[in-house]
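Let me begin by presenting the structure, written as structure tokens, before commenting on it.
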Amino acid sequence: MTLKPRHKRAAIVVGGLALLGVAAALVFNAFNSNLVFFYTPTQVAAKEAPQARTFRVGGLVQAGSVVRDGVTVNFLVTDTVKATPVRFQGVLPDLFKEGKGVVAQGQLNAEGVFVAREVLAKHDENYMPPEAADALQRAAKAQKDAGNSLATGATP
């Protein structure tokens, strides 16, 4: 059976569109699996963060919370409202300090501890990752609003 030229062209176009669709699906799947979202400690405490997926958590390293045990470091990341326990094995950045901004990338374990594979510290005195700075501003505003409603006797 011989196909007419217009049927051949139609088959080539349909085959090309199918290949393009498959390629687009593979690219979007790869992009989606490498997408890493940012959550605040308040969102992690509210269980808004995924349990079995990599994400970032950021805020300030809570003062007095850093505990070193060999190459394992445990500390708390806070947005001044809630704190998330973080465990990291490896060498921390030189700029990692209590009270300073930090973003950690990893996953939550079954105990609710964020196991970080990577820890990023701010690189100068005037910089904090935008997500972490925004989270701290929102937390401060929420605390201020809660304080104002308690001071005026209003119920939240």
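All residue names refer to the structure tokens as shown: chains lettered A, B, ... in order, residues numbered from 1 in each chain, ligands numbered from 1 in order.
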
(message) I'd like the neighbourhood of stretch 60-72 of chain A as number ranges by chain, where a residue qualifies if any of its atoms comes within 10 Å (using only C-alpha atoms), though same-chain residues fewer than 3 positions away should be ignored.
(response) A: 41, 75-80, 83-92, 96-103, 121, 128, 132-133, 136

Only N, CA, C and O atoms, please: the residues just picked out, written as a CSV table (one decimal), in the first residue's frame.
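Saved as part-v8.csv:
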chain,number,residue,atom,x,y,z
A,41,PRO,N,10.3,28.3,59.1
A,41,PRO,CA,10.1,27.4,60.3
A,41,PRO,C,8.6,27.4,60.7
A,41,PRO,O,8.1,26.3,61.1
A,75,PHE,N,21.4,22.4,65.1
A,75,PHE,CA,21.0,23.8,65.5
A,75,PHE,C,19.6,24.1,65.1
A,75,PHE,O,18.9,23.2,64.5
A,76,LEU,N,19.1,25.2,65.6
A,76,LEU,CA,17.7,25.6,65.3
A,76,LEU,C,17.7,26.8,64.4
A,76,LEU,O,18.5,27.7,64.5
A,77,VAL,N,16.8,26.7,63.4
A,77,VAL,CA,16.6,27.8,62.5
A,77,VAL,C,15.2,28.4,62.9
A,77,VAL,O,14.2,27.7,63.0
A,78,THR,N,15.2,29.7,63.1
A,78,THR,CA,14.0,30.4,63.6
A,78,THR,C,13.6,31.6,62.7
A,78,THR,O,14.5,32.2,62.1
A,79,ASP,N,12.3,31.8,62.6
A,79,ASP,CA,11.8,33.0,62.0
A,79,ASP,C,11.3,34.0,63.0
A,79,ASP,O,10.4,34.8,62.7
A,80,THR,N,11.7,33.8,64.2
A,80,THR,CA,11.3,34.6,65.5
A,80,THR,C,10.0,34.2,66.0
A,80,THR,O,9.6,34.6,67.0
A,83,ALA,N,10.7,27.6,65.5
A,83,ALA,CA,12.0,27.1,65.2
A,83,ALA,C,12.0,25.7,64.7
A,83,ALA,O,11.1,24.9,65.1
A,84,THR,N,12.9,25.4,63.8
A,84,THR,CA,13.0,24.1,63.2
A,84,THR,C,14.3,23.5,63.5
A,84,THR,O,15.3,24.1,63.2
A,85,PRO,N,14.4,22.3,64.1
A,85,PRO,CA,15.7,21.7,64.3
A,85,PRO,C,16.3,21.2,63.0
A,85,PRO,O,15.6,20.6,62.2
A,86,VAL,N,17.6,21.5,62.9
A,86,VAL,CA,18.4,21.1,61.7
A,86,VAL,C,19.6,20.3,62.1
A,86,VAL,O,20.2,20.6,63.1
A,87,ARG,N,19.8,19.2,61.3
A,87,ARG,CA,21.0,18.4,61.5
A,87,ARG,C,21.8,18.5,60.2
A,87,ARG,O,21.2,18.3,59.1
A,88,PHE,N,23.1,18.7,60.3
A,88,PHE,CA,24.0,18.8,59.1
A,88,PHE,C,25.3,18.0,59.4
A,88,PHE,O,25.9,18.2,60.5
A,89,GLN,N,25.7,17.2,58.5
A,89,GLN,CA,27.0,16.5,58.6
A,89,GLN,C,27.9,17.1,57.5
A,89,GLN,O,27.6,17.1,56.3
A,90,GLY,N,29.0,17.7,57.9
A,90,GLY,CA,29.9,18.2,57.0
A,90,GLY,C,30.5,19.5,57.5
A,90,GLY,O,30.4,19.8,58.7
A,91,VAL,N,31.1,20.2,56.6
A,91,VAL,CA,31.8,21.5,57.0
A,91,VAL,C,30.9,22.6,56.7
A,91,VAL,O,30.4,22.8,55.6
A,92,LEU,N,30.6,23.4,57.8
A,92,LEU,CA,29.7,24.6,57.6
A,92,LEU,C,30.5,25.7,57.0
A,92,LEU,O,31.7,25.8,57.1
A,96,PHE,N,28.9,31.0,59.0
A,96,PHE,CA,27.8,30.4,59.8
A,96,PHE,C,28.0,30.8,61.3
A,96,PHE,O,29.0,30.5,61.8
A,97,LYS,N,27.0,31.5,61.8
A,97,LYS,CA,27.1,31.9,63.2
A,97,LYS,C,25.7,32.0,63.8
A,97,LYS,O,24.8,32.2,63.1
A,98,GLU,N,25.7,31.9,65.1
A,98,GLU,CA,24.4,32.1,65.8
A,98,GLU,C,23.9,33.5,65.6
A,98,GLU,O,24.7,34.5,65.6
A,99,GLY,N,22.6,33.7,65.4
A,99,GLY,CA,22.0,35.0,65.2
A,99,GLY,C,22.1,35.5,63.8
A,99,GLY,O,21.6,36.6,63.5
A,100,LYS,N,22.7,34.8,62.9
A,100,LYS,CA,22.9,35.2,61.5
A,100,LYS,C,22.0,34.4,60.6
A,100,LYS,O,21.5,33.3,60.9
A,101,GLY,N,21.8,35.0,59.4
A,101,GLY,CA,20.9,34.3,58.4
A,101,GLY,C,21.5,33.1,57.8
A,101,GLY,O,22.7,33.0,57.6
A,102,VAL,N,20.6,32.1,57.6
A,102,VAL,CA,21.0,30.8,57.0
A,102,VAL,C,19.8,30.2,56.2
A,102,VAL,O,18.7,30.5,56.5
A,103,VAL,N,20.2,29.5,55.1
A,103,VAL,CA,19.3,28.7,54.4
A,103,VAL,C,19.8,27.3,54.3
A,103,VAL,O,21.0,27.2,53.9
A,121,ALA,N,25.2,30.3,54.2
A,121,ALA,CA,25.2,31.4,55.2
A,121,ALA,C,25.3,32.7,54.4
A,121,ALA,O,25.8,32.7,53.3
A,128,MET,N,20.9,39.0,53.2
A,128,MET,CA,20.2,37.8,53.6
A,128,MET,C,19.4,37.3,52.4
A,128,MET,O,18.8,38.1,51.7
A,132,ALA,N,14.4,34.4,53.1
A,132,ALA,CA,14.5,34.4,54.5
A,132,ALA,C,14.2,35.8,55.1
A,132,ALA,O,13.5,35.9,56.1
A,133,ALA,N,14.6,36.8,54.4
A,133,ALA,CA,14.3,38.2,54.8
A,133,ALA,C,12.8,38.5,54.8
A,133,ALA,O,12.3,39.0,55.8
A,136,LEU,N,11.2,36.6,57.8
A,136,LEU,CA,11.4,37.3,59.1
A,136,LEU,C,10.6,38.5,59.2
A,136,LEU,O,10.0,38.8,60.3

(request) Apply DSSP to the backbone of this structure and, from stretch 1-89 of chain A, keep only the residues in strand (DSSP E); write these as a PyMOL selection string. (result) chain A and resi 37-39+55-61+67-69+72-78+83-89

Output for the residues just chosen: N, CA, C and O atoms as an mmCIF file, in the first residue's frame:
data_model
loop_
_atom_site.group_PDB
_atom_site.id
_atom_site.type_symbol
_atom_site.label_atom_id
_atom_site.label_comp_id
_atom_site.auth_asym_id
_atom_site.auth_seq_id
_atom_site.Cartn_x
_atom_site.Cartn_y
_atom_site.Cartn_z
ATOM 1 N N PHE A 37 11.470 24.172 46.759
ATOM 2 C CA PHE A 37 10.707 25.266 47.335
ATOM 3 C C PHE A 37 11.299 25.711 48.660
ATOM 4 O O PHE A 37 11.987 24.959 49.337
ATOM 5 N N PHE A 38 10.990 26.946 49.048
ATOM 6 C CA PHE A 38 11.461 27.535 50.305
ATOM 7 C C PHE A 38 10.306 27.575 51.298
ATOM 8 O O PHE A 38 9.197 27.974 50.955
ATOM 9 N N TYR A 39 10.570 27.167 52.539
ATOM 10 C CA TYR A 39 9.578 27.226 53.610
ATOM 11 C C TYR A 39 10.205 27.881 54.834
ATOM 12 O O TYR A 39 11.401 27.753 55.081
ATOM 13 N N PHE A 55 13.444 20.384 50.139
ATOM 14 C CA PHE A 55 13.042 21.792 50.148
ATOM 15 C C PHE A 55 14.073 22.577 50.939
ATOM 16 O O PHE A 55 15.021 22.020 51.476
ATOM 17 N N ARG A 56 13.883 23.889 50.973
ATOM 18 C CA ARG A 56 14.785 24.761 51.731
ATOM 19 C C ARG A 56 14.036 25.367 52.903
ATOM 20 O O ARG A 56 12.864 25.706 52.790
ATOM 21 N N VAL A 57 14.741 25.513 54.001
ATOM 22 C CA VAL A 57 14.206 26.207 55.171
ATOM 23 C C VAL A 57 15.205 27.298 55.525
ATOM 24 O O VAL A 57 16.420 27.099 55.407
ATOM 25 N N GLY A 58 14.703 28.469 55.897
ATOM 26 C CA GLY A 58 15.616 29.560 56.179
ATOM 27 C C GLY A 58 15.124 30.473 57.269
ATOM 28 O O GLY A 58 13.942 30.496 57.609
ATOM 29 N N GLY A 59 16.042 31.215 57.816
ATOM 30 C CA GLY A 59 15.766 32.166 58.881
ATOM 31 C C GLY A 59 17.071 32.511 59.572
ATOM 32 O O GLY A 59 18.115 32.617 58.933
ATOM 33 N N LEU A 60 16.990 32.649 60.879
ATOM 34 C CA LEU A 60 18.176 32.954 61.683
ATOM 35 C C LEU A 60 18.580 31.728 62.485
ATOM 36 O O LEU A 60 17.723 30.961 62.930
ATOM 37 N N VAL A 61 19.883 31.553 62.691
ATOM 38 C CA VAL A 61 20.361 30.496 63.577
ATOM 39 C C VAL A 61 20.075 30.965 65.003
ATOM 40 O O VAL A 61 20.561 32.017 65.426
ATOM 41 N N VAL A 67 24.977 22.848 68.488
ATOM 42 C CA VAL A 67 25.631 21.766 69.217
ATOM 43 C C VAL A 67 26.441 20.969 68.208
ATOM 44 O O VAL A 67 25.889 20.415 67.259
ATOM 45 N N ARG A 68 27.759 20.903 68.441
ATOM 46 C CA ARG A 68 28.646 20.184 67.523
ATOM 47 C C ARG A 68 29.032 18.840 68.139
ATOM 48 O O ARG A 68 29.363 18.755 69.312
ATOM 49 N N ASP A 69 28.972 17.794 67.291
ATOM 50 C CA ASP A 69 29.385 16.457 67.704
ATOM 51 C C ASP A 69 30.215 15.880 66.565
ATOM 52 O O ASP A 69 29.671 15.246 65.654
ATOM 53 N N THR A 72 29.048 16.342 62.831
ATOM 54 C CA THR A 72 27.603 16.574 62.864
ATOM 55 C C THR A 72 27.312 17.818 63.680
ATOM 56 O O THR A 72 27.826 17.987 64.783
ATOM 57 N N VAL A 73 26.490 18.687 63.113
ATOM 58 C CA VAL A 73 26.101 19.918 63.799
ATOM 59 C C VAL A 73 24.579 19.959 63.868
ATOM 60 O O VAL A 73 23.893 19.763 62.864
ATOM 61 N N ASN A 74 24.054 20.189 65.061
ATOM 62 C CA ASN A 74 22.618 20.376 65.270
ATOM 63 C C ASN A 74 22.393 21.822 65.680
ATOM 64 O O ASN A 74 23.141 22.359 66.500
ATOM 65 N N PHE A 75 21.364 22.442 65.110
ATOM 66 C CA PHE A 75 21.029 23.820 65.462
ATOM 67 C C PHE A 75 19.571 24.074 65.136
ATOM 68 O O PHE A 75 18.902 23.236 64.516
ATOM 69 N N LEU A 76 19.072 25.196 65.600
ATOM 70 C CA LEU A 76 17.692 25.591 65.324
ATOM 71 C C LEU A 76 17.686 26.771 64.362
ATOM 72 O O LEU A 76 18.458 27.716 64.524
ATOM 73 N N VAL A 77 16.797 26.717 63.378
ATOM 74 C CA VAL A 77 16.566 27.834 62.468
ATOM 75 C C VAL A 77 15.223 28.426 62.880
ATOM 76 O O VAL A 77 14.229 27.715 62.985
ATOM 77 N N THR A 78 15.207 29.738 63.122
ATOM 78 C CA THR A 78 13.983 30.388 63.583
ATOM 79 C C THR A 78 13.605 31.555 62.686
ATOM 80 O O THR A 78 14.473 32.172 62.064
ATOM 81 N N ALA A 83 10.666 27.583 65.528
ATOM 82 C CA ALA A 83 12.023 27.130 65.231
ATOM 83 C C ALA A 83 11.967 25.711 64.689
ATOM 84 O O ALA A 83 11.128 24.913 65.101
ATOM 85 N N THR A 84 12.857 25.413 63.759
ATOM 86 C CA THR A 84 12.956 24.082 63.171
ATOM 87 C C THR A 84 14.326 23.505 63.502
ATOM 88 O O THR A 84 15.344 24.148 63.237
ATOM 89 N N PRO A 85 14.368 22.283 64.084
ATOM 90 C CA PRO A 85 15.668 21.664 64.350
ATOM 91 C C PRO A 85 16.304 21.193 63.046
ATOM 92 O O PRO A 85 15.643 20.615 62.192
ATOM 93 N N VAL A 86 17.608 21.459 62.913
ATOM 94 C CA VAL A 86 18.351 21.099 61.705
ATOM 95 C C VAL A 86 19.561 20.273 62.109
ATOM 96 O O VAL A 86 20.229 20.575 63.102
ATOM 97 N N ARG A 87 19.828 19.219 61.331
ATOM 98 C CA ARG A 87 21.034 18.404 61.520
ATOM 99 C C ARG A 87 21.814 18.453 60.209
ATOM 100 O O ARG A 87 21.250 18.261 59.138
ATOM 101 N N PHE A 88 23.112 18.701 60.337
ATOM 102 C CA PHE A 88 23.966 18.780 59.146
ATOM 103 C C PHE A 88 25.263 18.047 59.434
ATOM 104 O O PHE A 88 25.862 18.226 60.487
ATOM 105 N N GLN A 89 25.682 17.211 58.484
ATOM 106 C CA GLN A 89 26.976 16.547 58.580
ATOM 107 C C GLN A 89 27.884 17.119 57.514
ATOM 108 O O GLN A 89 27.552 17.082 56.330
#

(message) Between atom CA of A:Gln51 and atom CA of A:Ala110, what distance in Å does the model show, to one decimal?
(response) 8.2 Å

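Pairwise distance (atom CA of A:Val36, atom CA of A:Leu20) equals 26.1 Å.
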
(request) Could you jot down the atom CA of A:Val115 to atom CA of A:Arg138 separation for me, Å, one decimal place? (result)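 If I compute the distance from atom CA of A:Val115 to atom CA of A:Arg138, I get 24.9 Å.
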
(message) DSSP on the backbone, helix (DSSP H, G or I) only: what residues of chain A does that give? Format it as a ChimeraX atom specification.
(response) /A:5-33,41-45,130-152
